[in-house]
$ cat data_2.cif   # mmCIF, N, CA, C and O atoms
data_work
loop_
_atom_site.label_atom_id
_atom_site.label_comp_id
_atom_site.auth_asym_id
_atom_site.auth_seq_id
_atom_site.Cartn_x
_atom_site.Cartn_y
_atom_site.Cartn_z
N ASP L 1 173.47 192.19 -144.18
CA ASP L 1 173.22 192.40 -142.76
C ASP L 1 174.50 192.09 -141.97
O ASP L 1 175.18 191.10 -142.21
N HIS L 2 174.78 192.92 -141.01
CA HIS L 2 176.00 192.78 -140.21
C HIS L 2 176.06 191.44 -139.48
O HIS L 2 177.11 190.79 -139.43
N PHE L 3 174.95 191.00 -138.92
CA PHE L 3 174.97 189.75 -138.16
C PHE L 3 175.15 188.53 -139.06
O PHE L 3 175.80 187.56 -138.67
N ILE L 4 174.62 188.59 -140.26
CA ILE L 4 174.85 187.49 -141.19
C ILE L 4 176.34 187.41 -141.52
O ILE L 4 176.93 186.32 -141.50
N GLU L 5 176.94 188.54 -141.81
CA GLU L 5 178.39 188.58 -142.09
C GLU L 5 179.21 188.10 -140.89
O GLU L 5 180.25 187.46 -141.06
N LEU L 6 178.74 188.40 -139.69
CA LEU L 6 179.45 188.00 -138.48
C LEU L 6 179.28 186.51 -138.19
O LEU L 6 180.24 185.81 -137.87
N PHE L 7 178.05 186.02 -138.28
CA PHE L 7 177.74 184.64 -137.88
C PHE L 7 178.11 183.59 -138.94
O PHE L 7 178.55 182.49 -138.61
N GLU L 8 177.90 183.92 -140.21
CA GLU L 8 178.00 182.90 -141.25
C GLU L 8 179.36 182.20 -141.35
O GLU L 8 179.39 180.97 -141.53
N PRO L 9 180.49 182.89 -141.23
CA PRO L 9 181.76 182.16 -141.32
C PRO L 9 181.89 181.04 -140.27
O PRO L 9 182.43 179.97 -140.56
N PHE L 10 181.36 181.27 -139.08
CA PHE L 10 181.41 180.23 -138.04
C PHE L 10 180.51 179.06 -138.40
O PHE L 10 180.88 177.90 -138.21
N LEU L 11 179.32 179.37 -138.92
CA LEU L 11 178.40 178.31 -139.31
C LEU L 11 178.98 177.48 -140.45
O LEU L 11 178.85 176.25 -140.46
N LYS L 12 179.63 178.13 -141.40
CA LYS L 12 180.27 177.43 -142.52
C LYS L 12 181.34 176.46 -142.03
O LYS L 12 181.56 175.41 -142.62
N GLU L 13 182.02 176.83 -140.94
CA GLU L 13 183.06 175.98 -140.36
C GLU L 13 182.49 174.85 -139.50
O GLU L 13 183.23 174.03 -138.98
N GLY L 14 181.17 174.85 -139.33
CA GLY L 14 180.55 173.80 -138.53
C GLY L 14 180.38 174.15 -137.07
O GLY L 14 180.06 173.28 -136.25
N ASP L 15 180.61 175.41 -136.73
CA ASP L 15 180.47 175.85 -135.34
C ASP L 15 179.05 176.31 -135.06
O ASP L 15 178.34 176.77 -135.95
N ASP L 16 178.64 176.21 -133.81
CA ASP L 16 177.38 176.77 -133.36
C ASP L 16 177.63 178.19 -132.88
O ASP L 16 178.76 178.58 -132.62
N ILE L 17 176.54 178.95 -132.76
CA ILE L 17 176.63 180.36 -132.35
C ILE L 17 175.91 180.54 -131.02
O ILE L 17 174.77 180.12 -130.85
N PHE L 18 176.60 181.17 -130.08
CA PHE L 18 175.99 181.63 -128.83
C PHE L 18 176.19 183.13 -128.79
O PHE L 18 177.32 183.61 -128.73
N TYR L 19 175.10 183.88 -128.84
CA TYR L 19 175.17 185.34 -128.85
C TYR L 19 174.48 185.88 -127.62
O TYR L 19 173.29 185.66 -127.41
N LEU L 20 175.22 186.58 -126.81
CA LEU L 20 174.69 187.23 -125.61
C LEU L 20 174.62 188.71 -125.92
O LEU L 20 175.63 189.39 -126.02
N GLY L 21 173.39 189.20 -126.13
CA GLY L 21 173.21 190.53 -126.65
C GLY L 21 172.90 191.62 -125.64
O GLY L 21 172.42 191.35 -124.54
N PHE L 22 173.17 192.82 -126.08
CA PHE L 22 172.82 194.04 -125.37
C PHE L 22 171.30 194.08 -125.18
O PHE L 22 170.56 193.61 -126.03
N SER L 23 170.83 194.63 -124.11
CA SER L 23 169.40 194.64 -123.79
C SER L 23 168.55 195.15 -124.95
O SER L 23 168.79 196.22 -125.49
N SER L 24 167.52 194.39 -125.30
CA SER L 24 166.60 194.80 -126.36
C SER L 24 165.75 195.99 -125.94
O SER L 24 165.15 196.66 -126.77
N GLN L 25 165.73 196.29 -124.66
CA GLN L 25 164.97 197.44 -124.17
C GLN L 25 165.65 198.76 -124.55
O GLN L 25 165.01 199.80 -124.57
N PHE L 26 166.95 198.71 -124.83
CA PHE L 26 167.70 199.91 -125.11
C PHE L 26 168.24 199.99 -126.53
O PHE L 26 168.83 201.00 -126.91
N SER L 27 168.07 198.93 -127.30
CA SER L 27 168.64 198.89 -128.64
C SER L 27 167.89 197.88 -129.51
O SER L 27 167.35 196.90 -129.01
N GLY L 28 167.92 198.10 -130.81
CA GLY L 28 167.33 197.16 -131.75
C GLY L 28 168.32 196.09 -132.19
O GLY L 28 167.98 195.23 -133.01
N THR L 29 169.51 196.10 -131.63
CA THR L 29 170.55 195.17 -132.05
C THR L 29 170.14 193.72 -131.85
O THR L 29 170.36 192.88 -132.73
N PHE L 30 169.55 193.39 -130.71
CA PHE L 30 169.15 192.01 -130.46
C PHE L 30 168.12 191.55 -131.49
O PHE L 30 168.18 190.43 -131.97
N ASN L 31 167.19 192.43 -131.84
CA ASN L 31 166.19 192.07 -132.85
C ASN L 31 166.83 191.83 -134.20
O ASN L 31 166.42 190.93 -134.94
N ASN L 32 167.85 192.61 -134.54
CA ASN L 32 168.58 192.39 -135.79
C ASN L 32 169.29 191.04 -135.78
O ASN L 32 169.33 190.34 -136.80
N ALA L 33 169.86 190.67 -134.65
CA ALA L 33 170.51 189.36 -134.53
C ALA L 33 169.48 188.25 -134.73
O ALA L 33 169.76 187.23 -135.36
N ASN L 34 168.28 188.44 -134.21
CA ASN L 34 167.23 187.43 -134.33
C ASN L 34 166.77 187.28 -135.78
O ASN L 34 166.51 186.16 -136.24
N ILE L 35 166.69 188.38 -136.50
CA ILE L 35 166.33 188.32 -137.93
C ILE L 35 167.39 187.53 -138.69
O ILE L 35 167.06 186.67 -139.52
N ALA L 36 168.66 187.80 -138.41
CA ALA L 36 169.75 187.06 -139.06
C ALA L 36 169.68 185.58 -138.70
O ALA L 36 169.88 184.72 -139.56
N LYS L 37 169.37 185.28 -137.46
CA LYS L 37 169.26 183.88 -137.02
C LYS L 37 168.21 183.15 -137.84
O LYS L 37 168.46 182.04 -138.32
N GLU L 38 167.06 183.76 -138.00
CA GLU L 38 165.97 183.13 -138.76
C GLU L 38 166.40 182.83 -140.19
O GLU L 38 166.08 181.77 -140.73
N GLU L 39 167.12 183.75 -140.80
CA GLU L 39 167.59 183.55 -142.17
C GLU L 39 168.67 182.46 -142.23
O GLU L 39 168.64 181.58 -143.09
N LEU L 40 169.60 182.51 -141.30
CA LEU L 40 170.73 181.58 -141.33
C LEU L 40 170.35 180.16 -140.92
O LEU L 40 170.93 179.20 -141.43
N ILE L 41 169.38 180.01 -140.04
CA ILE L 41 169.00 178.66 -139.59
C ILE L 41 168.38 177.86 -140.75
O ILE L 41 168.48 176.65 -140.79
N GLU L 42 167.77 178.57 -141.69
CA GLU L 42 167.24 177.89 -142.88
C GLU L 42 168.38 177.39 -143.75
O GLU L 42 168.28 176.31 -144.34
N LYS L 43 169.44 178.15 -143.83
CA LYS L 43 170.60 177.80 -144.66
C LYS L 43 171.49 176.75 -143.99
O LYS L 43 172.14 175.95 -144.66
N TYR L 44 171.52 176.76 -142.65
CA TYR L 44 172.36 175.84 -141.87
C TYR L 44 171.51 175.12 -140.82
O TYR L 44 171.67 175.35 -139.62
N PRO L 45 170.59 174.26 -141.25
CA PRO L 45 169.65 173.64 -140.30
C PRO L 45 170.29 172.71 -139.28
O PRO L 45 169.68 172.43 -138.24
N ASP L 46 171.51 172.26 -139.53
CA ASP L 46 172.17 171.36 -138.59
C ASP L 46 172.96 172.11 -137.52
O ASP L 46 173.54 171.49 -136.63
N ARG L 47 173.01 173.41 -137.59
CA ARG L 47 173.75 174.23 -136.64
C ARG L 47 172.80 174.79 -135.59
O ARG L 47 171.61 174.93 -135.83
N LYS L 48 173.34 175.13 -134.45
CA LYS L 48 172.57 175.78 -133.39
C LYS L 48 172.95 177.26 -133.35
O LYS L 48 174.12 177.60 -133.38
N ILE L 49 171.94 178.09 -133.29
CA ILE L 49 172.14 179.53 -133.11
C ILE L 49 171.29 179.92 -131.91
O ILE L 49 170.07 179.92 -131.98
N VAL L 50 171.96 180.20 -130.81
CA VAL L 50 171.27 180.51 -129.56
C VAL L 50 171.53 181.98 -129.23
O VAL L 50 172.68 182.39 -129.08
N LEU L 51 170.44 182.74 -129.13
CA LEU L 51 170.53 184.16 -128.81
C LEU L 51 169.93 184.38 -127.43
O LEU L 51 168.86 183.87 -127.12
N VAL L 52 170.62 185.17 -126.62
CA VAL L 52 170.12 185.50 -125.28
C VAL L 52 170.09 187.02 -125.15
O VAL L 52 171.10 187.68 -125.35
N ASP L 53 168.92 187.55 -124.82
CA ASP L 53 168.79 188.97 -124.53
C ASP L 53 169.23 189.15 -123.08
O ASP L 53 168.58 188.69 -122.16
N SER L 54 170.34 189.83 -122.88
CA SER L 54 170.92 189.95 -121.54
C SER L 54 170.07 190.80 -120.61
O SER L 54 170.20 190.70 -119.39
N MET L 55 169.21 191.64 -121.19
CA MET L 55 168.42 192.58 -120.38
C MET L 55 169.34 193.46 -119.54
O MET L 55 168.94 193.94 -118.49
N ALA L 56 170.58 193.61 -119.99
CA ALA L 56 171.56 194.39 -119.25
C ALA L 56 172.35 195.27 -120.20
O ALA L 56 172.36 195.05 -121.41
N ILE L 57 173.00 196.26 -119.63
CA ILE L 57 173.88 197.14 -120.39
C ILE L 57 175.17 197.35 -119.60
O ILE L 57 175.23 197.10 -118.41
N SER L 58 176.19 197.77 -120.28
CA SER L 58 177.45 198.21 -119.68
C SER L 58 178.07 197.16 -118.75
O SER L 58 178.25 196.02 -119.13
N VAL L 59 178.39 197.54 -117.53
CA VAL L 59 179.11 196.67 -116.59
C VAL L 59 178.33 195.39 -116.29
O VAL L 59 178.91 194.31 -116.30
N PRO L 60 177.02 195.46 -116.04
CA PRO L 60 176.30 194.19 -115.79
C PRO L 60 176.43 193.21 -116.96
O PRO L 60 176.60 192.01 -116.75
N LEU L 61 176.38 193.71 -118.18
CA LEU L 61 176.54 192.84 -119.34
C LEU L 61 177.94 192.23 -119.38
O LEU L 61 178.09 191.04 -119.63
N ALA L 62 178.94 193.01 -119.08
CA ALA L 62 180.32 192.50 -119.05
C ALA L 62 180.46 191.38 -118.03
O ALA L 62 181.13 190.37 -118.29
N LEU L 63 179.84 191.53 -116.88
CA LEU L 63 179.91 190.48 -115.85
C LEU L 63 179.22 189.20 -116.32
O LEU L 63 179.71 188.10 -116.06
N ILE L 64 178.09 189.34 -117.01
CA ILE L 64 177.40 188.17 -117.54
C ILE L 64 178.28 187.46 -118.56
O ILE L 64 178.38 186.23 -118.56
N VAL L 65 178.91 188.22 -119.42
CA VAL L 65 179.80 187.63 -120.43
C VAL L 65 180.95 186.88 -119.76
O VAL L 65 181.27 185.74 -120.14
N LEU L 66 181.57 187.48 -118.77
CA LEU L 66 182.67 186.82 -118.07
C LEU L 66 182.23 185.52 -117.41
O LEU L 66 182.92 184.50 -117.46
N LYS L 67 181.05 185.53 -116.80
CA LYS L 67 180.52 184.32 -116.17
C LYS L 67 180.20 183.26 -117.22
O LYS L 67 180.42 182.06 -116.99
N ALA L 68 179.67 183.67 -118.36
CA ALA L 68 179.36 182.72 -119.44
C ALA L 68 180.65 182.06 -119.95
O ALA L 68 180.68 180.86 -120.20
N ILE L 69 181.71 182.85 -120.08
CA ILE L 69 183.00 182.29 -120.50
C ILE L 69 183.48 181.27 -119.48
O ILE L 69 183.94 180.18 -119.84
N GLU L 70 183.35 181.62 -118.22
CA GLU L 70 183.76 180.70 -117.14
C GLU L 70 182.97 179.39 -117.22
O GLU L 70 183.54 178.30 -117.12
N LYS L 71 181.67 179.50 -117.42
CA LYS L 71 180.82 178.30 -117.51
C LYS L 71 181.20 177.46 -118.73
O LYS L 71 181.23 176.23 -118.67
N LYS L 72 181.49 178.12 -119.87
CA LYS L 72 181.90 177.41 -121.08
C LYS L 72 183.19 176.65 -120.83
O LYS L 72 183.33 175.49 -121.23
N GLU L 73 184.13 177.29 -120.16
CA GLU L 73 185.41 176.65 -119.86
C GLU L 73 185.23 175.46 -118.91
O GLU L 73 186.06 174.56 -118.89
N GLN L 74 184.16 175.48 -118.13
CA GLN L 74 183.85 174.37 -117.22
C GLN L 74 183.07 173.26 -117.93
O GLN L 74 182.72 172.26 -117.31
N GLY L 75 182.80 173.45 -119.23
CA GLY L 75 182.16 172.40 -120.01
C GLY L 75 180.67 172.56 -120.24
O GLY L 75 180.02 171.63 -120.72
N ALA L 76 180.11 173.72 -119.95
CA ALA L 76 178.67 173.92 -120.16
C ALA L 76 178.33 173.84 -121.64
O ALA L 76 179.09 174.30 -122.49
N SER L 77 177.16 173.26 -121.93
CA SER L 77 176.68 173.20 -123.31
C SER L 77 176.14 174.56 -123.72
O SER L 77 175.92 175.44 -122.87
N ILE L 78 175.87 174.73 -124.99
CA ILE L 78 175.34 175.99 -125.49
C ILE L 78 173.97 176.28 -124.87
O ILE L 78 173.65 177.43 -124.54
N GLU L 79 173.18 175.25 -124.66
CA GLU L 79 171.87 175.43 -124.03
C GLU L 79 172.00 175.83 -122.56
O GLU L 79 171.25 176.67 -122.06
N GLU L 80 172.97 175.22 -121.87
CA GLU L 80 173.21 175.58 -120.47
C GLU L 80 173.70 177.02 -120.35
O GLU L 80 173.31 177.73 -119.42
N LEU L 81 174.53 177.45 -121.30
CA LEU L 81 174.99 178.84 -121.30
C LEU L 81 173.82 179.80 -121.47
O LEU L 81 173.72 180.81 -120.78
N ALA L 82 172.92 179.45 -122.37
CA ALA L 82 171.76 180.31 -122.62
C ALA L 82 170.87 180.38 -121.39
O ALA L 82 170.43 181.46 -120.98
N GLU L 83 170.62 179.23 -120.78
CA GLU L 83 169.79 179.21 -119.57
C GLU L 83 170.45 180.01 -118.44
O GLU L 83 169.81 180.84 -117.80
N TYR L 84 171.71 179.78 -118.23
CA TYR L 84 172.43 180.47 -117.16
C TYR L 84 172.44 181.99 -117.42
O TYR L 84 172.18 182.77 -116.52
N SER L 85 172.76 182.37 -118.64
CA SER L 85 172.92 183.80 -118.96
C SER L 85 171.60 184.56 -118.86
O SER L 85 171.59 185.75 -118.56
N SER L 86 170.49 183.89 -119.10
CA SER L 86 169.20 184.57 -119.01
C SER L 86 168.70 184.66 -117.58
O SER L 86 167.76 185.39 -117.30
N LEU L 87 169.33 183.93 -116.65
CA LEU L 87 168.90 183.93 -115.25
C LEU L 87 169.75 184.80 -114.34
O LEU L 87 169.37 185.08 -113.22
N VAL L 88 170.92 185.22 -114.84
CA VAL L 88 171.85 185.98 -114.01
C VAL L 88 171.25 187.34 -113.68
O VAL L 88 170.73 188.03 -114.53
N ASP L 89 171.32 187.71 -112.40
CA ASP L 89 170.84 189.04 -111.98
C ASP L 89 172.01 189.97 -111.76
O ASP L 89 173.02 189.61 -111.29
#
$ encode --input "data_2.cif" --output "structure tokens"
Amino acid sequence: DHFIELFEPFLKEGDDIFYLGFSSQFSGTFNNANIAKEELIEKYPDRKIVLVDSMAISVPLALIVLKAIEKKEQGASIEELAEYSSLVD
């Protein structure tokens, strides 16, 4: 699975995953990421894998990503990023 290949090297290094995905209303990609999360969390139970369905596409998604980066640089936790990213209009 593509998401397992993408996520696993970070988990092996001890990093947590924050994935801000393309709207699940327009693509199955977010659901595929969630399937990978379920598999990987069993293998790496001490890691956090936080997935957020952006409910956005194109430019709105890019703006959410930029704001999430800004919040991360300001010291936001992975949970705060998820909460913030799911509330952005």
$ closest_residue --input "data_2.cif" --among "L:Ile4, L:Leu66, L:Asp16, L:Ala56" --to "Ala33 in chain L" --atoms "all atoms listed in the file"
L:Ile4
$ axis_aligned_box --input "data_2.cif" --around "range 5-15 of chain L" --padding-each-side "6 Å" --output "JSON"
{"center_x": 180.1, "center_y": 180.9, "center_z": -138.8, "size_x": 18.3, "size_y": 27.3, "size_z": 19.6}
$ closest_atom_pairs --input "data_2.cif" --of "range 2-34 of chain L" --to "range 74-85 of chain L" --cutoff "8 Å" --atoms "only N, CA, C and O atoms" --output "tab-separated table"
residue	atom	partner	partner_atom	distance
L:Ile17	O	L:Ile78	CA	6.8
L:Phe18	CA	L:Ile78	O	6.4
L:Tyr19	O	L:Ala82	CA	7.3
L:Leu20	CA	L:Ser85	CA	7.7
$ closest_residue --input "data_2.cif" --among "L:Asp53, L:Ala68, L:Phe10, L:Phe26" --to "Leu40 in chain L" --atoms "only C-alpha atoms"
L:Phe10
$ residues_near_point --input "data_2.cif" --point "(175.6, 178.0, -140.5)" --cutoff "5 Å" --atoms "only N, CA, C and O atoms" --output "PyMOL selection string"
chain L and resi 8+11-12+40+44
$ select_by_dssp --input "data_2.cif" --residues "chain L" --states "strand (DSSP E or B)" --output "ChimeraX atom specification"
/L:17-21,49-53
$ residues_around --input "data_2.cif" --residues "Asn34 in chain L" --least-positions-apart "6" --cutoff "8 Å" --atoms "only N, CA, C and O atoms" --output "list in words"
Phe3, Gly28, Leu40, Ile41 and Leu51 of chain L
$ build_atoms --input "data_2.cif" --residues "range 24-35 of chain L" --atoms "all heavy atoms" --output "PDB file, in the frame of the given file"
ATOM      1  N   SER L  24     167.520 194.390-125.300  1.00  0.00           N
ATOM      2  CA  SER L  24     166.600 194.800-126.360  1.00  0.00           C
ATOM      3  C   SER L  24     165.750 195.990-125.940  1.00  0.00           C
ATOM      4  O   SER L  24     165.150 196.660-126.770  1.00  0.00           O
ATOM      5  CB  SER L  24     165.703 193.632-126.762  1.00  0.00           C
ATOM      6  OG  SER L  24     164.879 193.245-125.676  1.00  0.00           O
ATOM      7  N   GLN L  25     165.730 196.290-124.660  1.00  0.00           N
ATOM      8  CA  GLN L  25     164.970 197.440-124.170  1.00  0.00           C
ATOM      9  C   GLN L  25     165.650 198.760-124.550  1.00  0.00           C
ATOM     10  O   GLN L  25     165.010 199.800-124.570  1.00  0.00           O
ATOM     11  CB  GLN L  25     164.822 197.380-122.651  1.00  0.00           C
ATOM     12  CG  GLN L  25     163.968 196.236-122.178  1.00  0.00           C
ATOM     13  CD  GLN L  25     163.890 196.176-120.657  1.00  0.00           C
ATOM     14  OE1 GLN L  25     164.588 196.896-119.952  1.00  0.00           O
ATOM     15  NE2 GLN L  25     163.037 195.311-120.155  1.00  0.00           N
ATOM     16  N   PHE L  26     166.950 198.710-124.830  1.00  0.00           N
ATOM     17  CA  PHE L  26     167.700 199.910-125.110  1.00  0.00           C
ATOM     18  C   PHE L  26     168.240 199.990-126.530  1.00  0.00           C
ATOM     19  O   PHE L  26     168.830 201.000-126.910  1.00  0.00           O
ATOM     20  CB  PHE L  26     168.872 200.048-124.128  1.00  0.00           C
ATOM     21  CG  PHE L  26     168.426 200.166-122.706  1.00  0.00           C
ATOM     22  CD1 PHE L  26     168.452 199.068-121.871  1.00  0.00           C
ATOM     23  CD2 PHE L  26     167.948 201.360-122.209  1.00  0.00           C
ATOM     24  CE1 PHE L  26     168.020 199.153-120.557  1.00  0.00           C
ATOM     25  CE2 PHE L  26     167.515 201.465-120.898  1.00  0.00           C
ATOM     26  CZ  PHE L  26     167.545 200.368-120.072  1.00  0.00           C
ATOM     27  N   SER L  27     168.070 198.930-127.300  1.00  0.00           N
ATOM     28  CA  SER L  27     168.640 198.890-128.640  1.00  0.00           C
ATOM     29  C   SER L  27     167.890 197.880-129.510  1.00  0.00           C
ATOM     30  O   SER L  27     167.350 196.900-129.010  1.00  0.00           O
ATOM     31  CB  SER L  27     170.124 198.491-128.544  1.00  0.00           C
ATOM     32  OG  SER L  27     170.668 198.248-129.811  1.00  0.00           O
ATOM     33  N   GLY L  28     167.920 198.100-130.810  1.00  0.00           N
ATOM     34  CA  GLY L  28     167.330 197.160-131.750  1.00  0.00           C
ATOM     35  C   GLY L  28     168.320 196.090-132.190  1.00  0.00           C
ATOM     36  O   GLY L  28     167.980 195.230-133.010  1.00  0.00           O
ATOM     37  N   THR L  29     169.510 196.100-131.630  1.00  0.00           N
ATOM     38  CA  THR L  29     170.550 195.170-132.050  1.00  0.00           C
ATOM     39  C   THR L  29     170.140 193.720-131.850  1.00  0.00           C
ATOM     40  O   THR L  29     170.360 192.880-132.730  1.00  0.00           O
ATOM     41  CB  THR L  29     171.857 195.457-131.266  1.00  0.00           C
ATOM     42  OG1 THR L  29     172.212 196.820-131.477  1.00  0.00           O
ATOM     43  CG2 THR L  29     172.986 194.565-131.720  1.00  0.00           C
ATOM     44  N   PHE L  30     169.550 193.390-130.710  1.00  0.00           N
ATOM     45  CA  PHE L  30     169.150 192.010-130.460  1.00  0.00           C
ATOM     46  C   PHE L  30     168.120 191.550-131.490  1.00  0.00           C
ATOM     47  O   PHE L  30     168.180 190.430-131.970  1.00  0.00           O
ATOM     48  CB  PHE L  30     168.595 191.842-129.039  1.00  0.00           C
ATOM     49  CG  PHE L  30     168.290 190.413-128.708  1.00  0.00           C
ATOM     50  CD1 PHE L  30     169.294 189.545-128.346  1.00  0.00           C
ATOM     51  CD2 PHE L  30     166.993 189.927-128.800  1.00  0.00           C
ATOM     52  CE1 PHE L  30     169.024 188.209-128.066  1.00  0.00           C
ATOM     53  CE2 PHE L  30     166.709 188.603-128.526  1.00  0.00           C
ATOM     54  CZ  PHE L  30     167.728 187.745-128.154  1.00  0.00           C
ATOM     55  N   ASN L  31     167.190 192.430-131.840  1.00  0.00           N
ATOM     56  CA  ASN L  31     166.190 192.070-132.850  1.00  0.00           C
ATOM     57  C   ASN L  31     166.830 191.830-134.200  1.00  0.00           C
ATOM     58  O   ASN L  31     166.420 190.930-134.940  1.00  0.00           O
ATOM     59  CB  ASN L  31     165.111 193.157-132.933  1.00  0.00           C
ATOM     60  CG  ASN L  31     164.284 193.223-131.678  1.00  0.00           C
ATOM     61  OD1 ASN L  31     164.071 192.222-130.995  1.00  0.00           O
ATOM     62  ND2 ASN L  31     163.811 194.399-131.339  1.00  0.00           N
ATOM     63  N   ASN L  32     167.850 192.610-134.540  1.00  0.00           N
ATOM     64  CA  ASN L  32     168.580 192.390-135.790  1.00  0.00           C
ATOM     65  C   ASN L  32     169.290 191.040-135.780  1.00  0.00           C
ATOM     66  O   ASN L  32     169.330 190.340-136.800  1.00  0.00           O
ATOM     67  CB  ASN L  32     169.586 193.512-136.037  1.00  0.00           C
ATOM     68  CG  ASN L  32     168.913 194.829-136.339  1.00  0.00           C
ATOM     69  OD1 ASN L  32     167.769 194.869-136.770  1.00  0.00           O
ATOM     70  ND2 ASN L  32     169.608 195.921-136.086  1.00  0.00           N
ATOM     71  N   ALA L  33     169.860 190.670-134.650  1.00  0.00           N
ATOM     72  CA  ALA L  33     170.510 189.360-134.530  1.00  0.00           C
ATOM     73  C   ALA L  33     169.480 188.250-134.730  1.00  0.00           C
ATOM     74  O   ALA L  33     169.760 187.230-135.360  1.00  0.00           O
ATOM     75  CB  ALA L  33     171.197 189.220-133.180  1.00  0.00           C
ATOM     76  N   ASN L  34     168.280 188.440-134.210  1.00  0.00           N
ATOM     77  CA  ASN L  34     167.230 187.430-134.330  1.00  0.00           C
ATOM     78  C   ASN L  34     166.770 187.280-135.780  1.00  0.00           C
ATOM     79  O   ASN L  34     166.510 186.160-136.240  1.00  0.00           O
ATOM     80  CB  ASN L  34     166.053 187.790-133.422  1.00  0.00           C
ATOM     81  CG  ASN L  34     165.212 186.585-133.092  1.00  0.00           C
ATOM     82  OD1 ASN L  34     165.731 185.500-132.892  1.00  0.00           O
ATOM     83  ND2 ASN L  34     163.917 186.781-133.032  1.00  0.00           N
ATOM     84  N   ILE L  35     166.690 188.380-136.500  1.00  0.00           N
ATOM     85  CA  ILE L  35     166.330 188.320-137.930  1.00  0.00           C
ATOM     86  C   ILE L  35     167.390 187.530-138.690  1.00  0.00           C
ATOM     87  O   ILE L  35     167.060 186.670-139.520  1.00  0.00           O
ATOM     88  CB  ILE L  35     166.163 189.742-138.498  1.00  0.00           C
ATOM     89  CG1 ILE L  35     164.912 190.409-137.895  1.00  0.00           C
ATOM     90  CG2 ILE L  35     166.083 189.721-140.027  1.00  0.00           C
ATOM     91  CD1 ILE L  35     164.819 191.904-138.147  1.00  0.00           C
TER      92      ILE L  35
END
